Amino acid sequence: MTNLNAVDPAAVAQDAHLESADVVIGKTTIIFRRFLRNKTAVAGLAIFLALTVFSCIGGFFAQWDKETIDPFNIGMPPSAEHYLGTSQAGIDLYAMTVEGTRISILIGLVVGLVSVLIAAVYGCTMAYFGGKVDKVMLFVLEALIMMPALLVVAVATSGGGAGLKRDLPSWLLLIIVLLVFGWMGTARLIRSMSMSLMQRDFVKAAQYMGVPPRRIVWRHLVPNIGSLLILDITRGVTAAVLAEVAFSFIGIGIKVPDVSLGVLIGGATSQVQTFPWMFWVPLAVMFLLTGSLAMMNDGLRDAFDPSSSSTGKARKSKARTLRAEKKTA
């Protein structure tokens with residue numbers, strides 16, 4: 001007689017396998033998967049990485065550098081010898097585009113990353129200490145916001161900053177000036193968000209336990225506004241690239257002999273009819289760079305937003321599917 005209460009080892013093993021398949025997925029993995037499901041964001045990331053690789057190793061494929069003049073090909077259109085043509089001075093445009101893209105990306109990444117880091121520390125410190133410390137730091141922040149950034153950039157990179165220009169390249173001066181003015185708006189937003197976090201139980205518990213303020217800021221406040229910081233980094237990189245192009249275009253940013261996308265676009269504006277490739281090539285690179293960053297920012301925003309439906313629906317786990325089929329059978 002068959003024992004109806006007997007345990008089938010195969011069934012037990014299968015059930016154990018189904019239960020073990022229900023793995024808890026971390027928040028970072030979920031965000032990463034949602035980002036990868038956004039084809040537009042992935043395309044933006046691919047374009048940005050391609051431009052970064054081009055700016056780093058593109059010079060190895062150039063037959064000329066940005067300082068060598070070809071007297072036999074002055075103002076020539078793209079050819080086999082000069083891939084993107086030459087300028088009115090006979091300098092290879094491909095070499096200048098590689099250098100300009102590298103400088104613009106460098107400015108964007110440094111300013112975008114460091115400015116958000118400064119804003120996070122400053123804003124969280126204001127929210128943590130509050131009281132008089134918050135009032136003094138807020139006064140300093142408002143005073144810096146009122147300073148005319150355009151005038152400071154003009155003074156630092158022109159005659160008024162001649163002493164500094166002898167020691168520092170113009171692109172490094174521009175990075176310093178953009179860092180001074182690029183973090184203040186983000187710091188105010190971080191301050192307001194951190195003040196709400198200060199009322200949470202885990203922050204109060206850390207204070208009662210005697211955790212140092214520096215550790216509370218780095219371990220409890222900054223990670224809880226991580227999504228805002230990541231989005232601000234991509235926005236900051238875009239804003240820094242556009243600021244570099246705008247300042248260099250009007251002649252108060254990066255100065256020759258340094259090269260950037262803004263320098264190339266500004267220098268070719270008056271010759272757009274005579275040498276159109278000198279204008280449209282760096283302009284196209286700038287659009288690709290800023291457009292890819294905007295696509296990445298939109299994808300990251302949707303990935304961090306759990307209510308967003310633009311990244312598709314999550315798939316059913318294999319364990320749930322097998323369990324449903326078993327119940328149906």
# chains A, B, ... in the order shown; residues from 1 in each chain; ligands from 1
$ residues_around --residues "A:Phe247" --least-positions-apart "5" --cutoff "10 Å" --atoms "only C-alpha atoms" --output "ChimeraX atom specification"
/A:150,153-154,174,242,252-254,262-263,266
$ write_last_selection --atoms "N, CA and C atoms" --output "mmCIF file, in the first residue's frame"
data_model
loop_
_atom_site.group_PDB
_atom_site.id
_atom_site.type_symbol
_atom_site.label_atom_id
_atom_site.label_comp_id
_atom_site.auth_asym_id
_atom_site.auth_seq_id
_atom_site.Cartn_x
_atom_site.Cartn_y
_atom_site.Cartn_z
ATOM 1 N N LEU A 150 29.760 86.572 -14.994
ATOM 2 C CA LEU A 150 30.323 86.959 -16.296
ATOM 3 C C LEU A 150 31.486 87.920 -16.122
ATOM 4 N N VAL A 153 34.601 86.030 -14.728
ATOM 5 C CA VAL A 153 35.250 85.234 -15.776
ATOM 6 C C VAL A 153 36.058 86.136 -16.694
ATOM 7 N N ALA A 154 35.489 87.282 -17.062
ATOM 8 C CA ALA A 154 36.196 88.205 -17.951
ATOM 9 C C ALA A 154 37.475 88.728 -17.315
ATOM 10 N N LEU A 174 39.449 78.754 -16.202
ATOM 11 C CA LEU A 174 38.010 78.682 -16.410
ATOM 12 C C LEU A 174 37.385 77.639 -15.486
ATOM 13 N N LEU A 242 28.324 73.863 -21.761
ATOM 14 C CA LEU A 242 27.668 74.994 -22.416
ATOM 15 C C LEU A 242 28.268 76.325 -21.963
ATOM 16 N N ILE A 252 35.902 85.441 -23.731
ATOM 17 C CA ILE A 252 36.356 85.621 -22.347
ATOM 18 C C ILE A 252 36.581 84.285 -21.652
ATOM 19 N N GLY A 253 36.568 83.205 -22.413
ATOM 20 C CA GLY A 253 36.787 81.888 -21.813
ATOM 21 C C GLY A 253 38.193 81.398 -22.088
ATOM 22 N N ILE A 254 38.286 80.294 -22.790
ATOM 23 C CA ILE A 254 39.584 79.722 -23.142
ATOM 24 C C ILE A 254 40.203 80.544 -24.271
ATOM 25 N N GLY A 262 34.337 75.649 -27.857
ATOM 26 C CA GLY A 262 33.912 77.041 -27.917
ATOM 27 C C GLY A 262 34.871 77.899 -28.710
ATOM 28 N N VAL A 263 36.166 77.654 -28.563
ATOM 29 C CA VAL A 263 37.168 78.407 -29.320
ATOM 30 C C VAL A 263 37.024 78.131 -30.816
ATOM 31 N N GLY A 266 33.694 79.765 -32.057
ATOM 32 C CA GLY A 266 33.799 81.219 -32.095
ATOM 33 C C GLY A 266 34.751 81.715 -33.170
#
$ closest_atom_pairs --of "stretch 54-168 of chain A" --to "stretch 179-182 of chain A" --cutoff "10 Å" --atoms "only C-alpha atoms" --output "Markdown table"
| residue | atom | partner | partner_atom | distance |
| --- | --- | --- | --- | --- |
| A:Ile107 | CA | A:Leu179 | CA | 9.9 |
| A:Val110 | CA | A:Leu179 | CA | 8.7 |
| A:Val111 | CA | A:Leu179 | CA | 5.7 |
| A:Gly112 | CA | A:Gly182 | CA | 8.1 |
| A:Leu113 | CA | A:Leu179 | CA | 9.8 |
| A:Val114 | CA | A:Leu179 | CA | 7.3 |
| A:Ser115 | CA | A:Leu179 | CA | 5.7 |
| A:Val116 | CA | A:Gly182 | CA | 8.3 |
| A:Ile118 | CA | A:Leu179 | CA | 8.9 |
| A:Ala119 | CA | A:Gly182 | CA | 8.9 |
| A:Leu144 | CA | A:Phe181 | CA | 7.5 |
| A:Ile145 | CA | A:Phe181 | CA | 7.4 |
| A:Met147 | CA | A:Phe181 | CA | 8.7 |
| A:Pro148 | CA | A:Phe181 | CA | 9.3 |
| A:Ala149 | CA | A:Phe181 | CA | 6.8 |
| A:Val152 | CA | A:Phe181 | CA | 9.7 |
$ closest_residue --among "A:Thr40, A:Ser260, A:Ser270, A:Thr52" --to "A:Lys66" --atoms "only C-alpha atoms"
A:Ser260
$ closest_residue --among "A:Phe304, A:Trp171, A:Phe202, A:Trp280" --to "A:Thr97" --atoms "only C-alpha atoms"
A:Trp280
$ closest_residue --among "A:Ser194, A:Asn73, A:Gln273, A:Thr186" --to "A:Ile230" --atoms "only C-alpha atoms"
A:Thr186
$ closest_residue --among "A:Pro77, A:Gly108, A:Pro71, A:Gly185" --to "A:Thr238" --atoms "only C-alpha atoms"
A:Gly108
$ select_by_dssp --residues "stretch 54-231 of chain A" --states "helix (DSSP H, G or I)" --output "MDAnalysis selection string"
chainID A and resid 54:61 93:129 131:146 149:157 159:165 170:181 184:197 201:208 213:224 226:231
$ write_last_selection --atoms "C-alpha atoms" --output "compact mmCIF listing (two decimals), in the first residue's frame"
# COMPACT_ATOMS: atom_id res chain seq x y z
CA PHE A 54 37.63 59.81 -29.41
CA SER A 55 39.05 62.68 -27.35
CA CYS A 56 41.54 60.37 -25.60
CA ILE A 57 42.87 58.25 -28.45
CA GLY A 58 41.75 60.13 -31.55
CA GLY A 59 45.08 61.91 -31.75
CA PHE A 60 46.89 58.65 -32.47
CA PHE A 61 45.09 58.45 -35.83
CA LEU A 93 40.86 70.56 -38.07
CA TYR A 94 40.75 66.90 -37.00
CA ALA A 95 43.62 67.42 -34.57
CA MET A 96 42.04 70.58 -33.18
CA THR A 97 38.66 68.85 -32.81
CA VAL A 98 40.23 66.01 -30.83
CA GLU A 99 41.98 68.49 -28.54
CA GLY A 100 38.91 70.71 -28.22
CA THR A 101 36.63 67.79 -27.38
CA ARG A 102 39.06 66.58 -24.73
CA ILE A 103 39.30 70.00 -23.09
CA SER A 104 35.52 70.53 -23.13
CA ILE A 105 34.81 67.08 -21.67
CA LEU A 106 37.52 67.61 -19.04
CA ILE A 107 36.00 70.94 -18.01
CA GLY A 108 32.51 69.43 -17.88
CA LEU A 109 33.49 66.39 -15.82
CA VAL A 110 35.67 68.28 -13.32
CA VAL A 111 33.17 71.10 -12.79
CA GLY A 112 30.16 68.76 -12.73
CA LEU A 113 31.66 66.35 -10.19
CA VAL A 114 33.48 68.77 -7.90
CA SER A 115 30.70 71.37 -7.79
CA VAL A 116 28.15 68.75 -6.72
CA LEU A 117 30.56 67.47 -4.08
CA ILE A 118 31.05 70.99 -2.70
CA ALA A 119 27.30 71.61 -2.76
CA ALA A 120 26.60 68.34 -0.92
CA VAL A 121 29.08 69.09 1.86
CA TYR A 122 28.03 72.71 2.20
CA GLY A 123 24.29 72.09 2.08
CA CYS A 124 24.36 69.12 4.47
CA THR A 125 26.55 71.05 6.90
CA MET A 126 24.05 73.92 6.93
CA ALA A 127 21.17 71.57 7.58
CA TYR A 128 22.97 69.58 10.27
CA PHE A 129 24.16 72.42 12.48
CA GLY A 131 20.93 77.95 14.01
CA LYS A 132 23.63 80.60 13.71
CA VAL A 133 25.87 78.36 11.62
CA ASP A 134 23.10 77.96 9.08
CA LYS A 135 22.40 81.71 9.01
CA VAL A 136 26.06 82.63 8.47
CA MET A 137 26.59 80.00 5.78
CA LEU A 138 23.33 81.00 4.09
CA PHE A 139 24.45 84.66 4.09
CA VAL A 140 27.74 83.68 2.43
CA LEU A 141 25.81 81.59 -0.10
CA GLU A 142 23.46 84.45 -0.98
CA ALA A 143 26.38 86.86 -1.28
CA LEU A 144 28.14 84.55 -3.74
CA ILE A 145 24.97 84.14 -5.76
CA MET A 146 24.74 87.91 -6.16
CA ALA A 149 29.85 85.51 -12.80
CA LEU A 150 30.32 86.96 -16.30
CA LEU A 151 32.41 89.84 -14.97
CA VAL A 152 34.57 87.56 -12.82
CA VAL A 153 35.25 85.23 -15.78
CA ALA A 154 36.20 88.20 -17.95
CA VAL A 155 38.60 89.58 -15.34
CA ALA A 156 40.18 86.21 -14.52
CA THR A 157 40.83 85.20 -18.13
CA GLY A 159 44.05 91.46 -18.67
CA GLY A 160 42.88 91.69 -15.06
CA GLY A 161 44.13 88.16 -14.41
CA ALA A 162 47.46 88.58 -16.20
CA GLY A 163 49.38 87.47 -13.14
CA LEU A 164 47.49 84.22 -12.95
CA LYS A 165 47.60 83.65 -16.71
CA SER A 170 43.26 79.43 -19.60
CA TRP A 171 41.21 76.22 -19.39
CA LEU A 172 42.34 75.65 -15.80
CA LEU A 173 41.44 79.23 -14.90
CA LEU A 174 38.01 78.68 -16.41
CA ILE A 175 37.55 75.50 -14.35
CA ILE A 176 38.38 77.40 -11.16
CA VAL A 177 35.96 80.22 -11.96
CA LEU A 178 33.15 77.82 -12.92
CA LEU A 179 33.70 75.88 -9.69
CA VAL A 180 33.32 79.08 -7.68
CA PHE A 181 29.91 79.79 -9.21
CA MET A 184 25.45 77.44 -5.08
CA GLY A 185 22.05 76.62 -6.55
CA THR A 186 22.51 72.92 -5.83
CA ALA A 187 23.65 73.69 -2.27
CA ARG A 188 20.38 75.51 -1.52
CA LEU A 189 18.33 72.58 -2.78
CA ILE A 190 20.42 70.08 -0.83
CA ARG A 191 20.04 72.19 2.32
CA SER A 192 16.23 72.06 2.12
CA MET A 193 16.22 68.29 1.53
CA SER A 194 18.74 67.64 4.30
CA MET A 195 16.70 69.67 6.79
CA SER A 196 13.81 67.26 6.30
CA LEU A 197 16.18 64.31 6.77
CA ASP A 201 14.62 58.71 13.38
CA PHE A 202 17.87 57.22 12.04
CA VAL A 203 19.59 60.64 12.12
CA LYS A 204 18.34 61.39 15.63
CA ALA A 205 19.44 57.95 16.80
CA ALA A 206 22.93 58.56 15.40
CA GLN A 207 23.09 61.88 17.24
CA TYR A 208 22.00 60.31 20.54
CA PRO A 213 28.81 65.17 12.74
CA ARG A 214 31.17 64.44 9.83
CA ARG A 215 30.18 60.76 9.92
CA ILE A 216 26.46 61.56 10.11
CA VAL A 217 26.73 63.83 7.09
CA TRP A 218 28.64 61.28 5.00
CA ARG A 219 26.86 58.11 6.18
CA HIS A 220 23.28 59.28 6.64
CA LEU A 221 22.56 62.56 4.84
CA VAL A 222 24.56 62.33 1.61
CA PRO A 223 23.50 58.73 0.69
CA ASN A 224 19.81 59.60 1.15
CA GLY A 226 22.17 60.26 -3.77
CA SER A 227 19.62 60.28 -6.58
CA LEU A 228 19.52 64.08 -6.57
CA LEU A 229 23.33 64.25 -6.58
CA ILE A 230 23.65 61.88 -9.54
CA LEU A 231 21.12 63.87 -11.57
